[in-house]
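Asker: The structure's right below; bear with me while I get my questions together.
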Amino acid sequence: MRNFLFACLLTGLLTSCGDEPANYDPEAHEGSATQKIESPADANQIDGLGYNKDSIAFKAFIIYSAANIRSLCASEIARITEKDKRSTTDGIRTTYWFTLSKDKTDSLAYYGIHDKDISKDDPSKVIFLTGNNDLKNKGLYEGTIINLPDIEHKFPVLYAYGCAKYFADNKPKIISSTITDQSTKYADYDVEFMLADGQAVYLSYTVRSEHGRINVVLNKDEDQ
């Protein structure tokens, strides 16, 4: 199932203004958002680099939604590690516990998380296994704490999952896109999105060229 999902991610395309993408793949986005152009008449260009304004708008939406995407990714890892939870009871207190079986470690490896990223002693690891010492000494654990620093670059498959999940859940649709200021070096945009639940999201951001690439930066007054 995961292989099928990731295949969908890799082939998902961002569509024209007014349509929401079915999936969002960060790697595919970077390839489709910018391209070298020769014609100075193309309005969507900065320093000779052309860009797809809708792709850039969805990139801004992803940046804006970073905390929610991180939460989805953490929930997916917690789901894997804590599935098939078992319990014992002494008639008074119930203890819940789980183990990291091979199918779980295989699932984590798909997302780029390996044995070196899992610890019962080091809380800075990606997965910190928690529980009382009696259980941990038996290889049993009561819960997990998930740490995902720099998820976009360190765990790109997991990040792609989180982006696609967030888009599938919220179905952002571009309602309007306006250039509020521009020069040969930058372009400022105001964009309105509508989500599946009817919520409107308004973003202001700047598109600019940095080191031969098109980058998008949210205005400082935007929540991130």
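Labeling convention for the structure tokens: chains A, B, ... as they appear, residues from 1 per chain, ligands from 1 in order of appearance.
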Residues near Leu203 (chain A), anyone? I mean within 7 Å using only C-alpha atoms, not counting same-chain ones fewer than 3 positions away, as a PyMOL selection string.

Answerer: chain A and resi 190-192

Asker: Give me every strand (DSSP E) residue in region 46-177 of chain A, going by DSSP on the backbone, as a PyMOL selection string.

Answerer: chain A and resi 46+49-51+86-89+94-97+118-119+127-130+143-146+173-177

Asker: Could you produce a table of the residues of region 52-88 of chain A lying within 10 Å of region 204-211 of chain A, with the nearest pair of atoms per residue and their separation in Å rounded to one decimal, using only C-alpha atoms, ordered by chain and increasing residue number, as CSV?

Answerer:
```
residue,atom,partner,partner_atom,distance
A:Lys53,CA,A:Val207,CA,9.2
A:Ile56,CA,A:Val207,CA,7.9
A:Ala57,CA,A:Tyr205,CA,8.7
A:Ala60,CA,A:Tyr205,CA,7.2
A:Phe61,CA,A:Tyr205,CA,9.9
```

Asker: Can you spit out the residues from that selection as a PDB file, in the first residue's frame, using N, CA, C and O atoms?

Answerer:
```
ATOM      1  N   LYS A  53       3.393  29.939 -11.044  1.00  0.00           N
ATOM      2  CA  LYS A  53       2.894  30.661  -9.863  1.00  0.00           C
ATOM      3  C   LYS A  53       2.013  29.792  -8.972  1.00  0.00           C
ATOM      4  O   LYS A  53       1.974  29.984  -7.751  1.00  0.00           O
ATOM      5  N   ILE A  56       4.312  27.567  -6.886  1.00  0.00           N
ATOM      6  CA  ILE A  56       4.899  28.380  -5.833  1.00  0.00           C
ATOM      7  C   ILE A  56       3.870  28.656  -4.731  1.00  0.00           C
ATOM      8  O   ILE A  56       4.181  28.637  -3.544  1.00  0.00           O
ATOM      9  N   ALA A  57       2.615  28.895  -5.121  1.00  0.00           N
ATOM     10  CA  ALA A  57       1.562  29.140  -4.126  1.00  0.00           C
ATOM     11  C   ALA A  57       1.383  27.928  -3.217  1.00  0.00           C
ATOM     12  O   ALA A  57       1.254  28.062  -1.996  1.00  0.00           O
ATOM     13  N   ALA A  60       4.200  27.699  -0.809  1.00  0.00           N
ATOM     14  CA  ALA A  60       3.986  28.627   0.312  1.00  0.00           C
ATOM     15  C   ALA A  60       3.000  28.031   1.313  1.00  0.00           C
ATOM     16  O   ALA A  60       3.180  28.153   2.531  1.00  0.00           O
ATOM     17  N   PHE A  61       1.966  27.374   0.801  1.00  0.00           N
ATOM     18  CA  PHE A  61       0.975  26.746   1.680  1.00  0.00           C
ATOM     19  C   PHE A  61       1.618  25.641   2.508  1.00  0.00           C
ATOM     20  O   PHE A  61       1.309  25.479   3.701  1.00  0.00           O
TER      21      PHE A  61
END
```

Asker: Quick one: residues within 9 Å of Asn44 (chain A), only C-alpha atoms, excluding same-chain residues fewer than 5 positions away - as a VMD selection string?

Answerer: chain A and resid 49 to 53 187

Asker: Print the selection's residues with C-alpha atoms to a file, as a PDB file, in the first residue's frame.

Answerer:
```pdb
ATOM      1  CA  LEU A  49      14.269  31.993 -14.045  1.00  0.00           C
ATOM      2  CA  GLY A  50      10.686  31.181 -14.943  1.00  0.00           C
ATOM      3  CA  TYR A  51       8.314  29.780 -12.353  1.00  0.00           C
ATOM      4  CA  ASN A  52       4.833  28.322 -12.145  1.00  0.00           C
ATOM      5  CA  LYS A  53       2.894  30.661  -9.863  1.00  0.00           C
ATOM      6  CA  ALA A 187       7.566  39.376  -6.742  1.00  0.00           C
TER       7      ALA A 187
END
```

Asker: Would you compute the distance between CA of Ala200 (chain A) and CA of Ile62 (chain A)? Give it in Å to one decimal.

Answerer: 15.0 Å

Asker: Hey, which of A:Lys171, A:Arg70, A:Lys104, A:His153 ends up closest to Glu82 (chain A)? Count only C-alpha atoms.

Answerer: A:Lys104

Asker: Pick out the residues sitting within 12 Å of Gly112 (chain A), and hand them over as an MDAnalysis selection string; count only C-alpha atoms, and ignore anything fewer than 6 positions along from it in its own chain.

Answerer: chainID A and resid 77 105:106 118 126 148 151:159

Asker: Go ahead and save the picked residues with N, CA and C atoms, as a PDB file, in the first residue's frame.

Answerer:
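part-v7.pdb, written as the output of this step:
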```pdb
ATOM      1  N   ILE A  77       4.605   7.703  12.529  1.00  0.00           N
ATOM      2  CA  ILE A  77       5.662   6.912  13.155  1.00  0.00           C
ATOM      3  C   ILE A  77       5.172   6.323  14.477  1.00  0.00           C
ATOM      4  N   THR A 105       9.912  -2.550  12.239  1.00  0.00           N
ATOM      5  CA  THR A 105      11.203  -1.978  11.854  1.00  0.00           C
ATOM      6  C   THR A 105      11.324  -1.876  10.337  1.00  0.00           C
ATOM      7  N   ASP A 106      10.722  -2.828   9.610  1.00  0.00           N
ATOM      8  CA  ASP A 106      10.705  -2.734   8.141  1.00  0.00           C
ATOM      9  C   ASP A 106       9.899  -1.518   7.684  1.00  0.00           C
ATOM     10  N   ILE A 118      16.735   4.779  16.932  1.00  0.00           N
ATOM     11  CA  ILE A 118      15.810   4.309  17.978  1.00  0.00           C
ATOM     12  C   ILE A 118      16.596   4.036  19.249  1.00  0.00           C
ATOM     13  N   VAL A 126      15.394   9.883  17.131  1.00  0.00           N
ATOM     14  CA  VAL A 126      14.136  10.077  16.419  1.00  0.00           C
ATOM     15  C   VAL A 126      12.993   9.394  17.164  1.00  0.00           C
ATOM     16  N   LEU A 148      11.491  14.752  15.215  1.00  0.00           N
ATOM     17  CA  LEU A 148      11.712  14.801  13.770  1.00  0.00           C
ATOM     18  C   LEU A 148      12.380  16.118  13.358  1.00  0.00           C
ATOM     19  N   ILE A 151      12.930  17.361   9.062  1.00  0.00           N
ATOM     20  CA  ILE A 151      12.271  16.218   8.425  1.00  0.00           C
ATOM     21  C   ILE A 151      12.335  16.276   6.903  1.00  0.00           C
ATOM     22  N   GLU A 152      12.236  17.483   6.336  1.00  0.00           N
ATOM     23  CA  GLU A 152      12.199  17.625   4.881  1.00  0.00           C
ATOM     24  C   GLU A 152      13.462  17.068   4.229  1.00  0.00           C
ATOM     25  N   HIS A 153      14.611  17.280   4.853  1.00  0.00           N
ATOM     26  CA  HIS A 153      15.870  16.864   4.241  1.00  0.00           C
ATOM     27  C   HIS A 153      16.365  15.514   4.761  1.00  0.00           C
ATOM     28  N   LYS A 154      16.112  15.210   6.032  1.00  0.00           N
ATOM     29  CA  LYS A 154      16.614  13.965   6.590  1.00  0.00           C
ATOM     30  C   LYS A 154      15.713  12.773   6.302  1.00  0.00           C
ATOM     31  N   PHE A 155      14.420  13.026   6.177  1.00  0.00           N
ATOM     32  CA  PHE A 155      13.469  11.937   5.946  1.00  0.00           C
ATOM     33  C   PHE A 155      12.504  12.321   4.820  1.00  0.00           C
ATOM     34  N   PRO A 156      13.005  12.438   3.578  1.00  0.00           N
ATOM     35  CA  PRO A 156      12.181  12.942   2.472  1.00  0.00           C
ATOM     36  C   PRO A 156      10.965  12.074   2.151  1.00  0.00           C
ATOM     37  N   VAL A 157      11.070  10.760   2.324  1.00  0.00           N
ATOM     38  CA  VAL A 157       9.921   9.895   2.040  1.00  0.00           C
ATOM     39  C   VAL A 157       8.810  10.147   3.063  1.00  0.00           C
ATOM     40  N   LEU A 158       9.189  10.285   4.316  1.00  0.00           N
ATOM     41  CA  LEU A 158       8.216  10.586   5.361  1.00  0.00           C
ATOM     42  C   LEU A 158       7.620  11.973   5.151  1.00  0.00           C
ATOM     43  N   TYR A 159       8.456  12.920   4.761  1.00  0.00           N
ATOM     44  CA  TYR A 159       7.980  14.279   4.504  1.00  0.00           C
ATOM     45  C   TYR A 159       6.979  14.295   3.346  1.00  0.00           C
TER      46      TYR A 159
END
```

Asker: Could you work out how far CA of Ser119 (chain A) lies from CA of Ser87 (chain A), giving the answer in Å with one decimal?

Answerer: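 About the pair CA of Ser87 (chain A) and CA of Ser119 (chain A): they are 21.9 Å apart.
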
Asker: Return the single residue from A:Ile63, A:Leu100, A:Ile174, A:Ile145 that is closest to Asp84 (chain A), with distances computed using only C-alpha atoms.

Answerer: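 Ranked by minimum distance to Asp84 (chain A), first place goes to A:Leu100.
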
Asker: One decimal, in Å: what's the spacing between CA of Lys136 (chain A) and CA of Thr89 (chain A)?

Answerer: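 We find that CA of Lys136 (chain A) and CA of Thr89 (chain A) lie 17.4 Å from each other.
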
Asker: A:Thr180, A:Trp97, A:Ile69, A:Tyr202: which is nearest Gly139 (chain A), counting only C-alpha atoms?

Answerer: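 Once distances to Gly139 (chain A) are computed over only C-alpha atoms, the minimum belongs to A:Trp97.
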
Asker: Leu129 (chain A): which residues within 12 Å, counting only C-alpha atoms, same-chain residues fewer than 3 positions away excluded, as number ranges by chain?

Answerer: A: 78, 81-82, 97-100, 117-126, 132-133, 135-137, 139-147

Asker: Among region 62-198 of chain A, which residues carry a DSSP assignment of helix (DSSP H, G or I), reported as a VMD selection string?

Answerer: chain A and resid 62 to 64 66 to 82 102 to 110 115 to 117 133 to 136 151 to 154 156 to 170

Asker: So, counting only C-alpha atoms, which residue among A:Asp115, A:Asn219, A:Thr88, A:Ile80 is closest to Asp103 (chain A)?

Answerer: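 Result for the nearest residue to Asp103 (chain A): A:Ile80.
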